[in-house]
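Below is one structure, written out as structure tokens, with a few remarks after it.
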Amino acid sequence: MFDNVLLPIDLTHPESWEKALPLAVKMCGEGGTLHVLAIVHDVGSAMVASYLPKDFEQKALQGAKADLDAFVANEVPGGTKAVAHVGHGHVPEHILSAADDVAADLIVIAAHPSELRTFLVGSHVGKVVRHATRPVLVVR
């Protein structure tokens, strides 16, 4: 099994973790650590950011961390060592960066639900697969 498994999820889309979480837990085995990652998207342009409250991103990060901690407590099976991580920015780049930060041996990521019907893997997952320096398990 793997020592460190990274599972990037989108808390607003259960299909990003319903099938991937059990596989990620299985890949950790008894001694591995599951690193669950949620990413708060960057708002993009400065013009868009100017219409938001000054502390918008900070509050979004705090809210995401609280939600992810609750997710880990409620959804990750007991006996699994799990750590919640919240990032901010461009999704594929942050997944790859987080994989380096936690020394992930494996990235487990769910294909986007609309991608389940197509042969091609979506943009975020595809970028992670193409640029990862470690194994990536795409769950469909």
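In the structure tokens, the first chain shown is A, the next is B, and so on; residue numbers restart at 1 for each chain, and ligands run from 1 in the order shown.
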Polymer residues at most 7 Å from region 4-17 of chain A, only C-alpha atoms, same-chain spacing of 3 or more positions, as a ChimeraX atom specification: /A:20-21,24,28,32-38,95,99,103-110,112-113
Residue subset to file, keeping N, CA and C atoms, as a PDB file, in the first residue's frame:
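Dumped to result-v9.pdb:
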ATOM      1  N   ALA A  20     -14.337   7.659  -5.161  1.00  0.00           N
ATOM      2  CA  ALA A  20     -12.892   7.834  -4.991  1.00  0.00           C
ATOM      3  C   ALA A  20     -12.455   7.639  -3.538  1.00  0.00           C
ATOM      4  N   LEU A  21     -13.274   8.061  -2.583  1.00  0.00           N
ATOM      5  CA  LEU A  21     -12.891   7.947  -1.173  1.00  0.00           C
ATOM      6  C   LEU A  21     -12.643   6.503  -0.740  1.00  0.00           C
ATOM      7  N   ALA A  24      -9.348   5.408  -2.186  1.00  0.00           N
ATOM      8  CA  ALA A  24      -8.212   6.092  -1.566  1.00  0.00           C
ATOM      9  C   ALA A  24      -7.915   5.499  -0.193  1.00  0.00           C
ATOM     10  N   CYS A  28      -4.457   3.426   1.124  1.00  0.00           N
ATOM     11  CA  CYS A  28      -3.672   3.791   2.315  1.00  0.00           C
ATOM     12  C   CYS A  28      -3.305   2.569   3.142  1.00  0.00           C
ATOM     13  N   GLY A  32      -0.953   3.924   6.122  1.00  0.00           N
ATOM     14  CA  GLY A  32      -0.826   5.131   5.312  1.00  0.00           C
ATOM     15  C   GLY A  32      -1.672   6.283   5.813  1.00  0.00           C
ATOM     16  N   THR A  33      -1.416   7.444   5.245  1.00  0.00           N
ATOM     17  CA  THR A  33      -2.157   8.651   5.595  1.00  0.00           C
ATOM     18  C   THR A  33      -2.924   9.139   4.385  1.00  0.00           C
ATOM     19  N   LEU A  34      -4.188   9.430   4.575  1.00  0.00           N
ATOM     20  CA  LEU A  34      -5.036   9.989   3.532  1.00  0.00           C
ATOM     21  C   LEU A  34      -5.030  11.503   3.677  1.00  0.00           C
ATOM     22  N   HIS A  35      -4.601  12.205   2.654  1.00  0.00           N
ATOM     23  CA  HIS A  35      -4.598  13.663   2.636  1.00  0.00           C
ATOM     24  C   HIS A  35      -5.758  14.113   1.752  1.00  0.00           C
ATOM     25  N   VAL A  36      -6.785  14.677   2.375  1.00  0.00           N
ATOM     26  CA  VAL A  36      -7.972  15.122   1.657  1.00  0.00           C
ATOM     27  C   VAL A  36      -7.804  16.609   1.369  1.00  0.00           C
ATOM     28  N   LEU A  37      -7.933  16.966   0.099  1.00  0.00           N
ATOM     29  CA  LEU A  37      -7.666  18.336  -0.338  1.00  0.00           C
ATOM     30  C   LEU A  37      -8.908  18.963  -0.951  1.00  0.00           C
ATOM     31  N   ALA A  38      -9.261  20.146  -0.473  1.00  0.00           N
ATOM     32  CA  ALA A  38     -10.302  20.967  -1.095  1.00  0.00           C
ATOM     33  C   ALA A  38      -9.635  22.258  -1.553  1.00  0.00           C
ATOM     34  N   ILE A  95      -3.284  21.003  -6.984  1.00  0.00           N
ATOM     35  CA  ILE A  95      -3.267  19.562  -6.700  1.00  0.00           C
ATOM     36  C   ILE A  95      -1.839  19.042  -6.821  1.00  0.00           C
ATOM     37  N   ALA A  99       0.500  17.636  -3.802  1.00  0.00           N
ATOM     38  CA  ALA A  99       1.084  16.297  -3.871  1.00  0.00           C
ATOM     39  C   ALA A  99       2.559  16.343  -3.494  1.00  0.00           C
ATOM     40  N   ALA A 103       4.240  14.844   0.044  1.00  0.00           N
ATOM     41  CA  ALA A 103       5.029  13.694  -0.432  1.00  0.00           C
ATOM     42  C   ALA A 103       4.115  12.531  -0.799  1.00  0.00           C
ATOM     43  N   ALA A 104       3.069  12.842  -1.559  1.00  0.00           N
ATOM     44  CA  ALA A 104       2.095  11.822  -1.950  1.00  0.00           C
ATOM     45  C   ALA A 104       2.754  10.754  -2.822  1.00  0.00           C
ATOM     46  N   ASP A 105       2.450   9.514  -2.519  1.00  0.00           N
ATOM     47  CA  ASP A 105       2.885   8.388  -3.339  1.00  0.00           C
ATOM     48  C   ASP A 105       1.880   8.110  -4.445  1.00  0.00           C
ATOM     49  N   LEU A 106       0.651   8.621  -4.262  1.00  0.00           N
ATOM     50  CA  LEU A 106      -0.442   8.368  -5.190  1.00  0.00           C
ATOM     51  C   LEU A 106      -1.447   9.504  -5.077  1.00  0.00           C
ATOM     52  N   ILE A 107      -1.994   9.899  -6.230  1.00  0.00           N
ATOM     53  CA  ILE A 107      -3.107  10.844  -6.269  1.00  0.00           C
ATOM     54  C   ILE A 107      -4.327  10.057  -6.737  1.00  0.00           C
ATOM     55  N   VAL A 108      -5.401  10.105  -5.967  1.00  0.00           N
ATOM     56  CA  VAL A 108      -6.658   9.471  -6.361  1.00  0.00           C
ATOM     57  C   VAL A 108      -7.630  10.599  -6.660  1.00  0.00           C
ATOM     58  N   ILE A 109      -8.153  10.634  -7.877  1.00  0.00           N
ATOM     59  CA  ILE A 109      -9.016  11.741  -8.280  1.00  0.00           C
ATOM     60  C   ILE A 109     -10.181  11.210  -9.101  1.00  0.00           C
ATOM     61  N   ALA A 110     -11.354  11.757  -8.856  1.00  0.00           N
ATOM     62  CA  ALA A 110     -12.550  11.336  -9.584  1.00  0.00           C
ATOM     63  C   ALA A 110     -12.667  12.105 -10.889  1.00  0.00           C
ATOM     64  N   HIS A 112     -14.795  13.969 -13.632  1.00  0.00           N
ATOM     65  CA  HIS A 112     -15.983  14.814 -13.519  1.00  0.00           C
ATOM     66  C   HIS A 112     -17.192  14.028 -14.009  1.00  0.00           C
ATOM     67  N   PRO A 113     -18.355  14.182 -13.371  1.00  0.00           N
ATOM     68  CA  PRO A 113     -19.517  13.370 -13.741  1.00  0.00           C
ATOM     69  C   PRO A 113     -19.877  13.449 -15.223  1.00  0.00           C
TER      70      PRO A 113
END
What is the distance between CA of Phe56 (chain A) and CA of Glu93 (chain A), in Å to one decimal?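 That distance, rounded to one decimal, is 21.8 Å.
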Give me, as number ranges by chain, all polymer residues having an atom no more than 8 Å from His41 (chain A), counting only C-alpha atoms and skipping those fewer than 4 positions away in the same chain. A: 88-91
Nearest to Ala111 (chain A) by atom-to-atom distance, counting only C-alpha atoms, from A:Lys19, A:Arg134, A:Lys65, A:Arg140: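 Comparing A:Lys19, A:Arg134, A:Lys65, A:Arg140 against Ala111 (chain A), the winner is A:Arg140.
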DSSP helix (DSSP H, G or I) selection over chain A, as a count of residues only: 62
Out of region 50-88 of chain A, which residues get strand (DSSP E or B) from DSSP, as a list of chain:residue names? A:Lys81, A:Ala82, A:Val83, A:Ala84, A:His85, A:Val86, A:Gly87, A:His88
Selection from above, all heavy atoms, as a PDB file, in the first residue's frame, can you write it?
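Output saved as selection00.pdb:
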ATOM      1  N   LYS A  81      -6.031   7.144   9.133  1.00  0.00           N
ATOM      2  CA  LYS A  81      -5.358   8.396   9.464  1.00  0.00           C
ATOM      3  C   LYS A  81      -5.603   9.367   8.313  1.00  0.00           C
ATOM      4  O   LYS A  81      -5.218   9.109   7.175  1.00  0.00           O
ATOM      5  CB  LYS A  81      -3.863   8.160   9.658  1.00  0.00           C
ATOM      6  CG  LYS A  81      -3.102   9.399  10.073  1.00  0.00           C
ATOM      7  CD  LYS A  81      -1.638   9.089  10.297  1.00  0.00           C
ATOM      8  CE  LYS A  81      -0.878  10.373  10.599  1.00  0.00           C
ATOM      9  NZ  LYS A  81       0.571  10.133  10.620  1.00  0.00           N
ATOM     10  N   ALA A  82      -6.265  10.478   8.601  1.00  0.00           N
ATOM     11  CA  ALA A  82      -6.624  11.444   7.558  1.00  0.00           C
ATOM     12  C   ALA A  82      -6.291  12.858   8.002  1.00  0.00           C
ATOM     13  O   ALA A  82      -6.445  13.206   9.175  1.00  0.00           O
ATOM     14  CB  ALA A  82      -8.113  11.342   7.234  1.00  0.00           C
ATOM     15  N   VAL A  83      -5.827  13.645   7.045  1.00  0.00           N
ATOM     16  CA  VAL A  83      -5.487  15.042   7.287  1.00  0.00           C
ATOM     17  C   VAL A  83      -6.212  15.886   6.242  1.00  0.00           C
ATOM     18  O   VAL A  83      -6.197  15.558   5.056  1.00  0.00           O
ATOM     19  CB  VAL A  83      -3.961  15.268   7.178  1.00  0.00           C
ATOM     20  CG1 VAL A  83      -3.607  16.718   7.432  1.00  0.00           C
ATOM     21  CG2 VAL A  83      -3.203  14.344   8.119  1.00  0.00           C
ATOM     22  N   ALA A  84      -6.851  16.966   6.683  1.00  0.00           N
ATOM     23  CA  ALA A  84      -7.563  17.866   5.777  1.00  0.00           C
ATOM     24  C   ALA A  84      -6.656  19.025   5.373  1.00  0.00           C
ATOM     25  O   ALA A  84      -5.990  19.618   6.226  1.00  0.00           O
ATOM     26  CB  ALA A  84      -8.818  18.408   6.459  1.00  0.00           C
ATOM     27  N   HIS A  85      -6.646  19.321   4.079  1.00  0.00           N
ATOM     28  CA  HIS A  85      -5.854  20.429   3.544  1.00  0.00           C
ATOM     29  C   HIS A  85      -6.768  21.292   2.673  1.00  0.00           C
ATOM     30  O   HIS A  85      -7.563  20.756   1.900  1.00  0.00           O
ATOM     31  CB  HIS A  85      -4.713  19.921   2.659  1.00  0.00           C
ATOM     32  CG  HIS A  85      -3.794  18.963   3.328  1.00  0.00           C
ATOM     33  ND1 HIS A  85      -2.700  19.378   4.055  1.00  0.00           N
ATOM     34  CD2 HIS A  85      -3.803  17.609   3.393  1.00  0.00           C
ATOM     35  CE1 HIS A  85      -2.064  18.310   4.516  1.00  0.00           C
ATOM     36  NE2 HIS A  85      -2.714  17.229   4.138  1.00  0.00           N
ATOM     37  N   VAL A  86      -6.622  22.599   2.797  1.00  0.00           N
ATOM     38  CA  VAL A  86      -7.371  23.519   1.951  1.00  0.00           C
ATOM     39  C   VAL A  86      -6.375  24.389   1.204  1.00  0.00           C
ATOM     40  O   VAL A  86      -5.437  24.925   1.801  1.00  0.00           O
ATOM     41  CB  VAL A  86      -8.339  24.396   2.774  1.00  0.00           C
ATOM     42  CG1 VAL A  86      -9.006  25.439   1.902  1.00  0.00           C
ATOM     43  CG2 VAL A  86      -9.386  23.534   3.450  1.00  0.00           C
ATOM     44  N   GLY A  87      -6.593  24.490  -0.091  1.00  0.00           N
ATOM     45  CA  GLY A  87      -5.739  25.323  -0.918  1.00  0.00           C
ATOM     46  C   GLY A  87      -6.540  26.411  -1.598  1.00  0.00           C
ATOM     47  O   GLY A  87      -7.767  26.448  -1.509  1.00  0.00           O
ATOM     48  N   HIS A  88      -5.826  27.274  -2.282  1.00  0.00           N
ATOM     49  CA  HIS A  88      -6.465  28.409  -2.950  1.00  0.00           C
ATOM     50  C   HIS A  88      -5.761  28.660  -4.264  1.00  0.00           C
ATOM     51  O   HIS A  88      -4.537  28.754  -4.304  1.00  0.00           O
ATOM     52  CB  HIS A  88      -6.362  29.645  -2.042  1.00  0.00           C
ATOM     53  CG  HIS A  88      -6.927  30.869  -2.669  1.00  0.00           C
ATOM     54  ND1 HIS A  88      -6.134  31.861  -3.168  1.00  0.00           N
ATOM     55  CD2 HIS A  88      -8.200  31.246  -2.884  1.00  0.00           C
ATOM     56  CE1 HIS A  88      -6.903  32.822  -3.656  1.00  0.00           C
ATOM     57  NE2 HIS A  88      -8.165  32.460  -3.492  1.00  0.00           N
TER      58      HIS A  88
END
Please measure the separation of CA of Pro22 (chain A) and CA of Lys127 (chain A), giving the value in Å to one decimal.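 Atom-to-atom, CA of Pro22 (chain A) to CA of Lys127 (chain A), that is 23.3 Å.
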How many Å lie between CA of Ala132 (chain A) and CA of Gly29 (chain A), rounded to one decimal?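 Atom-to-atom, CA of Ala132 (chain A) to CA of Gly29 (chain A), that is 22.3 Å.
Minimum distance to Gly126 (chain A) across A:Asp55, A:His94, A:Val138, A:Asp101 (counting only C-alpha atoms) occurs at A:Val138.
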Between A:Val128, A:Leu96, A:Phe2, A:Ala66, which has the minimum distance to Val25 (chain A) (counting only C-alpha atoms)?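 Closest residue, counting only C-alpha atoms: A:Phe2.
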Selected residue of minimal separation from Gly79 (chain A) among A:Arg130, A:Asp3, A:Gly31, A:Pro135, counting only C-alpha atoms: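 Smallest separation from Gly79 (chain A) among the options: A:Gly31.
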